[in-house]
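Engineer: After the structure tokens below, expect a handful of questions from me.
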Amino acid sequence: MSKKQYFVVILILGALSTISPFSIDMYLPGFPSIAKNLGTDIAKVQLSLTSYLIGIAIGQLFYGPLLDRFGRKKPLYVGLIIYVLASIACAYTTNVENLIIMRFFQAIGGCAGMVAAQAMVRDVFPVNKTAQAMALLMLVIAVSPMIAPTLGGYVTAHYSWNAVFLILASITLVIIVASYFFLPDGATPDNEISLRPKQVVKKYVEVTKNRQFLVYMLIGGIAGAAPFAYISGSADVFMNIYQVSEQQYGWIFALLATAMIGSTQLNHILLKKFSSEQIIKVALTYQTIIGFIMILGVWNNWLNVYTLITLMFVFLTGHGLCNPNAAALTLAPFSRNAGSAAAMMGSMRMAMGGVVSAAVSIFHNDTASPMVIMMSFCAVGGLLTLIVDTHLKKTERKRKALEEEQHSMAM
């Protein structure tokens, strides 16, 4: 592969990977406009984010087997066409109920790009280039939350929220064409892969029997849902309560995204001196403390827009430290079934994100309380899961030591 081909393939795979992040973040500045235009409240508009996250959670579990059975491109094209049609339907919807339903189908289609891109990295690049290619994809995905809401803010302010969905549909059409002409086919179809529900479920059940996987999937899923509480509630908090403009909100979102990106890079340095378990414990502990400070600040009206942004910035750095370490420990036990484990882990995180964003919507009360309470709940839940697991491990070690001692005395 020449340097030019390498660049083009990485560019297309990066574009496929960012379809879902852009779909989540780009329409956030339009929440107040959507609510006004569709004659509803912002709490119901927030449910369109929840339905999108549920769609990604479900879609990831299905695309893995489909991409193996039919090859990479056919399921990819089907998914992206569903995404384009659903995006156009979102742009022309006349009520919030249809928006919520179409966002679900948009997610089902869009997550084909995310799953296929990661699979094709392993197909297209030689082993010594895979890590480099994956790192570039992760960088593109990490940068997208800085760009998407800012761009969405300007589009909403100068055109309308409907234009955001039309732009997403247009970009995806370009990606489909580019994928058809310039993207290699990847792995060939494997007719031996079973799509029978019983066989697919059996693989996932096998994976969940591993204790380390289960514990860190829960920790990563619960703690990793905190940014979705922030994503769901931030548009209402900053634009309706603190009265910032669509463009200003986009820049605030971009600033807070740097907290997660920067701490992810810091994590590489910390791993030279500390274990993943230690980093997770410290990150969740200080997130819990910051979370309680935010709750107290909001409850007593101590916080202005600047102090809230500062506290949220510090809180979100914990996500950049906890998330990659939890993912690494979740997948570490597997030499085989790694694909099923990764799909289940991703699905769990998106499902928890859907639950948390729904809670922010349900408890909406025209204050920042639902958002900061759910963010704090995620940190506390992750920390408690870690503490309980540590306690159970100690208890088991003591029990085994006692049994061995009794056995040696009986001898």
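By order in the structure tokens, chains are A, B, ...; within a chain, residues start at 1; ligands start at 1, following the order shown.
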Please provide the set of residues having any atom within 8 Å of Met348 in chain A, restricted to only C-alpha atoms, with same-chain residues fewer than 2 positions apart removed, written as a PDB file with C-alpha atoms, in the first residue's frame.
Structural biologist:
```
ATOM      1  CA  ALA A  57     -26.097  -0.719  22.127  1.00  0.00           C
ATOM      2  CA  MET A 217     -17.459  -4.342  32.238  1.00  0.00           C
ATOM      3  CA  LEU A 218     -19.792  -3.184  35.039  1.00  0.00           C
ATOM      4  CA  GLY A 221     -20.316   0.656  31.954  1.00  0.00           C
ATOM      5  CA  MET A 344     -20.671  -6.800  24.725  1.00  0.00           C
ATOM      6  CA  MET A 345     -18.489  -4.241  26.492  1.00  0.00           C
ATOM      7  CA  GLY A 346     -19.408  -1.533  23.974  1.00  0.00           C
ATOM      8  CA  MET A 350     -24.083   2.501  25.429  1.00  0.00           C
ATOM      9  CA  ALA A 351     -26.990   0.815  27.240  1.00  0.00           C
ATOM     10  CA  MET A 352     -25.917   2.421  30.533  1.00  0.00           C
TER      11      MET A 352
END
```
Engineer: List every residue of range 87-156 of chain A that has an atom at most 8 Å from any atom of range 28-46 of chain A, and for each one report the closest atom pair and its distance in Å to one decimal, counting only C-alpha atoms, with rows sorted by chain and then by increasing residue number, as a Markdown table.
Structural biologist:
```
| residue | atom | partner | partner_atom | distance |
| --- | --- | --- | --- | --- |
| A:Thr94 | CA | A:Leu38 | CA | 6.2 |
| A:Asn95 | CA | A:Leu38 | CA | 5.3 |
| A:Val96 | CA | A:Leu38 | CA | 6.2 |
| A:Ile100 | CA | A:Val45 | CA | 7.7 |
| A:Pro149 | CA | A:Leu28 | CA | 6.5 |
| A:Gly152 | CA | A:Pro29 | CA | 6.3 |
| A:Gly153 | CA | A:Pro29 | CA | 5.2 |
| A:Thr156 | CA | A:Gly30 | CA | 5.9 |
```
Engineer: From the set A:Gln5, A:Gln265, A:Thr330, A:Ser234, which residue has the shortest atom-to-atom contact distance to Val372 in chain A, counting only C-alpha atoms?
Structural biologist: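 Closest to Val372 in chain A, using only C-alpha atoms: A:Ser234.
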Engineer: Using only C-alpha atoms for the distances, tell me which of A:Val207, A:Val174, A:Val124, A:Ile147 is nearest to Thr188 in chain A.
Structural biologist: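 Under the stated criterion, the closest residue is A:Val124.
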Engineer: Which residues of range 287-401 of chain A come within 7 Å of range 276-282 of chain A, and for each one, what is the closest pair of atoms and their distance in Å to one decimal, counting only C-alpha atoms, sorted by chain and residue number, as a Markdown table?
Structural biologist:
```
| residue | atom | partner | partner_atom | distance |
| --- | --- | --- | --- | --- |
| A:Leu321 | CA | A:Ile280 | CA | 6.8 |
| A:Cys322 | CA | A:Ile280 | CA | 4.8 |
| A:Asn325 | CA | A:Ser276 | CA | 5.3 |
| A:Leu383 | CA | A:Lys281 | CA | 6.9 |
```
Engineer: In terms of the shortest atom-to-atom distance over only C-alpha atoms, which of A:Tyr242, A:Tyr306, A:Phe315, A:Tyr92 is closest to Ile293 in chain A?
Structural biologist: A:Phe315
Engineer: For CA of Ser170 in chain A and CA of Gly250 in chain A, quote the distance in Å rounded to one decimal.
Structural biologist: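 Spanning CA of Ser170 in chain A to CA of Gly250 in chain A is a straight-line distance of 21.5 Å.
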Engineer: Quick one: residues within 9 Å of Leu166 in chain A, only C-alpha atoms counted, chain neighbours fewer than 5 positions away excluded, as number ranges by chain?
Structural biologist: A: 84, 87-88, 90-91, 171
Engineer: With N, CA, C and O atoms kept, could you save the residues just selected as a PDB file, in the first residue's frame?
Structural biologist:
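Okay, part07.pdb is ready:
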```
ATOM      1  N   VAL A  84     -28.746   7.143   6.332  1.00  0.00           N
ATOM      2  CA  VAL A  84     -29.077   8.300   5.487  1.00  0.00           C
ATOM      3  C   VAL A  84     -30.589   8.534   5.464  1.00  0.00           C
ATOM      4  O   VAL A  84     -31.057   9.672   5.644  1.00  0.00           O
ATOM      5  N   SER A  87     -31.775   9.846   8.791  1.00  0.00           N
ATOM      6  CA  SER A  87     -31.339  11.238   9.001  1.00  0.00           C
ATOM      7  C   SER A  87     -32.263  12.211   8.275  1.00  0.00           C
ATOM      8  O   SER A  87     -32.636  13.258   8.822  1.00  0.00           O
ATOM      9  N   ILE A  88     -32.631  11.862   7.032  1.00  0.00           N
ATOM     10  CA  ILE A  88     -33.561  12.715   6.263  1.00  0.00           C
ATOM     11  C   ILE A  88     -34.922  12.760   6.958  1.00  0.00           C
ATOM     12  O   ILE A  88     -35.551  13.824   7.054  1.00  0.00           O
ATOM     13  N   CYS A  90     -35.424  12.446  10.149  1.00  0.00           N
ATOM     14  CA  CYS A  90     -35.247  13.314  11.334  1.00  0.00           C
ATOM     15  C   CYS A  90     -35.370  14.784  10.945  1.00  0.00           C
ATOM     16  O   CYS A  90     -35.992  15.582  11.659  1.00  0.00           O
ATOM     17  N   ALA A  91     -34.783  15.147   9.806  1.00  0.00           N
ATOM     18  CA  ALA A  91     -34.787  16.553   9.371  1.00  0.00           C
ATOM     19  C   ALA A  91     -36.194  17.053   9.073  1.00  0.00           C
ATOM     20  O   ALA A  91     -36.504  18.228   9.293  1.00  0.00           O
ATOM     21  N   ILE A 171     -23.003  14.019   4.212  1.00  0.00           N
ATOM     22  CA  ILE A 171     -21.643  13.541   4.490  1.00  0.00           C
ATOM     23  C   ILE A 171     -21.579  12.020   4.382  1.00  0.00           C
ATOM     24  O   ILE A 171     -20.626  11.458   3.821  1.00  0.00           O
TER      25      ILE A 171
END
```
Engineer: For a quick check of understanding, using only C-alpha atoms, which of A:Ile362, A:Val298, A:Ile290, A:Leu16 has the smallest distance to Met114 in chain A?
Structural biologist: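 Selected residue with least distance to Met114 in chain A: A:Leu16.
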Engineer: Enter the distance from CA of Ile231 in chain A to CA of Pro21 in chain A, in Å, rounded to one decimal.
Structural biologist: 11.4 Å
Engineer: May I ask for the distance between CA of Thr385 in chain A and CA of Ile373 in chain A, given in Å to one decimal place?
Structural biologist: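 Taking CA of Thr385 in chain A and CA of Ile373 in chain A, their separation equals 18.1 Å.
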Engineer: Find the spatial neighbours of Gly110 in chain A, counting only C-alpha atoms, within a cut-off of 12 Å - ignore same-chain residues fewer than 5 positions away - and output them as a ChimeraX atom specification.
Structural biologist: /A:15-24,52-53,55-60,63,75-87,102-105,115-117,168-169,172-173,175-176
Engineer: With only C-alpha atoms as the atoms that count, which of A:Pro189, A:Leu284, A:Ile10, A:Glu403 lies nearest to Phe377 in chain A?
Structural biologist: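 When distances to Phe377 in chain A are compared using only C-alpha atoms, the smallest one comes from A:Leu284.
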Engineer: Any chance you could list, as a compact mmCIF listing (two decimals) with N, CA and C atoms, in the first residue's frame, the residues in range 215-266 of chain A that come up alpha helix (DSSP H) when DSSP is run on the backbone?
Structural biologist:
```txt
# COMPACT_ATOMS: atom_id res chain seq x y z
N VAL A 215 -16.78 -7.91 36.11
CA VAL A 215 -16.56 -6.83 37.08
C VAL A 215 -16.17 -5.53 36.37
N TYR A 216 -15.18 -5.61 35.47
CA TYR A 216 -14.70 -4.37 34.84
C TYR A 216 -15.62 -3.89 33.73
N MET A 217 -16.43 -4.79 33.16
CA MET A 217 -17.46 -4.34 32.24
C MET A 217 -18.49 -3.50 33.00
N LEU A 218 -18.84 -3.94 34.22
CA LEU A 218 -19.79 -3.18 35.04
C LEU A 218 -19.20 -1.85 35.47
N ILE A 219 -17.94 -1.88 35.91
CA ILE A 219 -17.29 -0.63 36.33
C ILE A 219 -17.20 0.34 35.16
N GLY A 220 -16.73 -0.16 34.01
CA GLY A 220 -16.62 0.69 32.83
C GLY A 220 -17.97 1.17 32.34
N GLY A 221 -18.98 0.29 32.42
CA GLY A 221 -20.32 0.66 31.95
C GLY A 221 -20.98 1.70 32.83
N ILE A 222 -20.90 1.50 34.14
CA ILE A 222 -21.55 2.43 35.08
C ILE A 222 -20.80 3.76 35.13
N ALA A 223 -19.50 3.69 35.40
CA ALA A 223 -18.71 4.92 35.50
C ALA A 223 -18.61 5.62 34.15
N ALA A 226 -21.23 8.42 32.83
CA ALA A 226 -21.27 9.81 33.34
C ALA A 226 -21.25 10.86 32.22
N PRO A 227 -20.37 10.73 31.20
CA PRO A 227 -20.39 11.74 30.13
C PRO A 227 -21.71 11.81 29.39
N PHE A 228 -22.49 10.71 29.38
CA PHE A 228 -23.78 10.73 28.69
C PHE A 228 -24.81 11.54 29.49
N ALA A 229 -24.67 11.55 30.81
CA ALA A 229 -25.52 12.43 31.63
C ALA A 229 -25.20 13.88 31.31
N TYR A 230 -23.91 14.15 31.16
CA TYR A 230 -23.45 15.51 30.81
C TYR A 230 -23.93 15.89 29.40
N ILE A 231 -23.78 14.97 28.44
CA ILE A 231 -24.20 15.24 27.07
C ILE A 231 -25.70 15.49 27.00
N SER A 232 -26.47 14.68 27.72
CA SER A 232 -27.92 14.80 27.70
C SER A 232 -28.41 16.11 28.32
N GLY A 233 -27.78 16.52 29.42
CA GLY A 233 -28.28 17.68 30.16
C GLY A 233 -27.62 19.00 29.86
N SER A 234 -26.42 18.98 29.25
CA SER A 234 -25.62 20.20 29.14
C SER A 234 -26.25 21.28 28.27
N ALA A 235 -26.92 20.88 27.18
CA ALA A 235 -27.54 21.89 26.31
C ALA A 235 -28.58 22.71 27.07
N GLU A 246 -25.84 29.34 21.06
CA GLU A 246 -25.51 28.05 20.44
C GLU A 246 -24.02 27.95 20.17
N GLN A 247 -23.42 29.05 19.67
CA GLN A 247 -21.98 29.04 19.36
C GLN A 247 -21.16 28.92 20.64
N GLN A 248 -21.54 29.66 21.68
CA GLN A 248 -20.81 29.60 22.96
C GLN A 248 -20.89 28.20 23.56
N TYR A 249 -22.08 27.58 23.45
CA TYR A 249 -22.24 26.22 23.96
C TYR A 249 -21.29 25.26 23.23
N GLY A 250 -21.18 25.43 21.93
CA GLY A 250 -20.27 24.59 21.15
C GLY A 250 -18.84 24.70 21.64
N TRP A 251 -18.41 25.91 21.97
CA TRP A 251 -17.04 26.11 22.47
C TRP A 251 -16.87 25.55 23.87
N ILE A 252 -17.90 25.66 24.71
CA ILE A 252 -17.85 25.06 26.06
C ILE A 252 -17.72 23.55 25.95
N PHE A 253 -18.51 22.95 25.06
CA PHE A 253 -18.47 21.50 24.85
C PHE A 253 -17.08 21.08 24.38
N ALA A 254 -16.51 21.86 23.47
CA ALA A 254 -15.17 21.56 22.95
C ALA A 254 -14.13 21.63 24.07
N LEU A 255 -14.25 22.65 24.93
CA LEU A 255 -13.32 22.80 26.05
C LEU A 255 -13.40 21.59 26.98
N LEU A 256 -14.62 21.18 27.33
CA LEU A 256 -14.78 20.05 28.25
C LEU A 256 -14.35 18.73 27.60
N ALA A 257 -14.42 18.65 26.27
CA ALA A 257 -13.93 17.45 25.58
C ALA A 257 -12.42 17.30 25.75
N THR A 258 -11.70 18.43 25.85
CA THR A 258 -10.25 18.37 26.04
C THR A 258 -9.89 17.75 27.38
N ALA A 259 -10.80 17.82 28.36
CA ALA A 259 -10.53 17.20 29.67
C ALA A 259 -10.38 15.69 29.50
N MET A 260 -11.26 15.09 28.69
CA MET A 260 -11.21 13.64 28.48
C MET A 260 -10.04 13.25 27.57
N ILE A 261 -9.79 14.06 26.53
CA ILE A 261 -8.71 13.76 25.60
C ILE A 261 -7.36 13.90 26.28
N GLY A 262 -7.18 15.00 27.03
CA GLY A 262 -5.90 15.24 27.72
C GLY A 262 -5.58 14.19 28.76
N SER A 263 -6.58 13.79 29.54
CA SER A 263 -6.34 12.80 30.58
C SER A 263 -6.07 11.42 29.99
N THR A 264 -6.63 11.14 28.81
CA THR A 264 -6.33 9.88 28.12
C THR A 264 -4.85 9.81 27.79
N GLN A 265 -4.28 10.94 27.35
CA GLN A 265 -2.85 10.98 27.05
C GLN A 265 -2.03 10.88 28.34
N LEU A 266 -2.50 11.51 29.41
CA LEU A 266 -1.82 11.43 30.71
C LEU A 266 -1.78 9.99 31.21
```
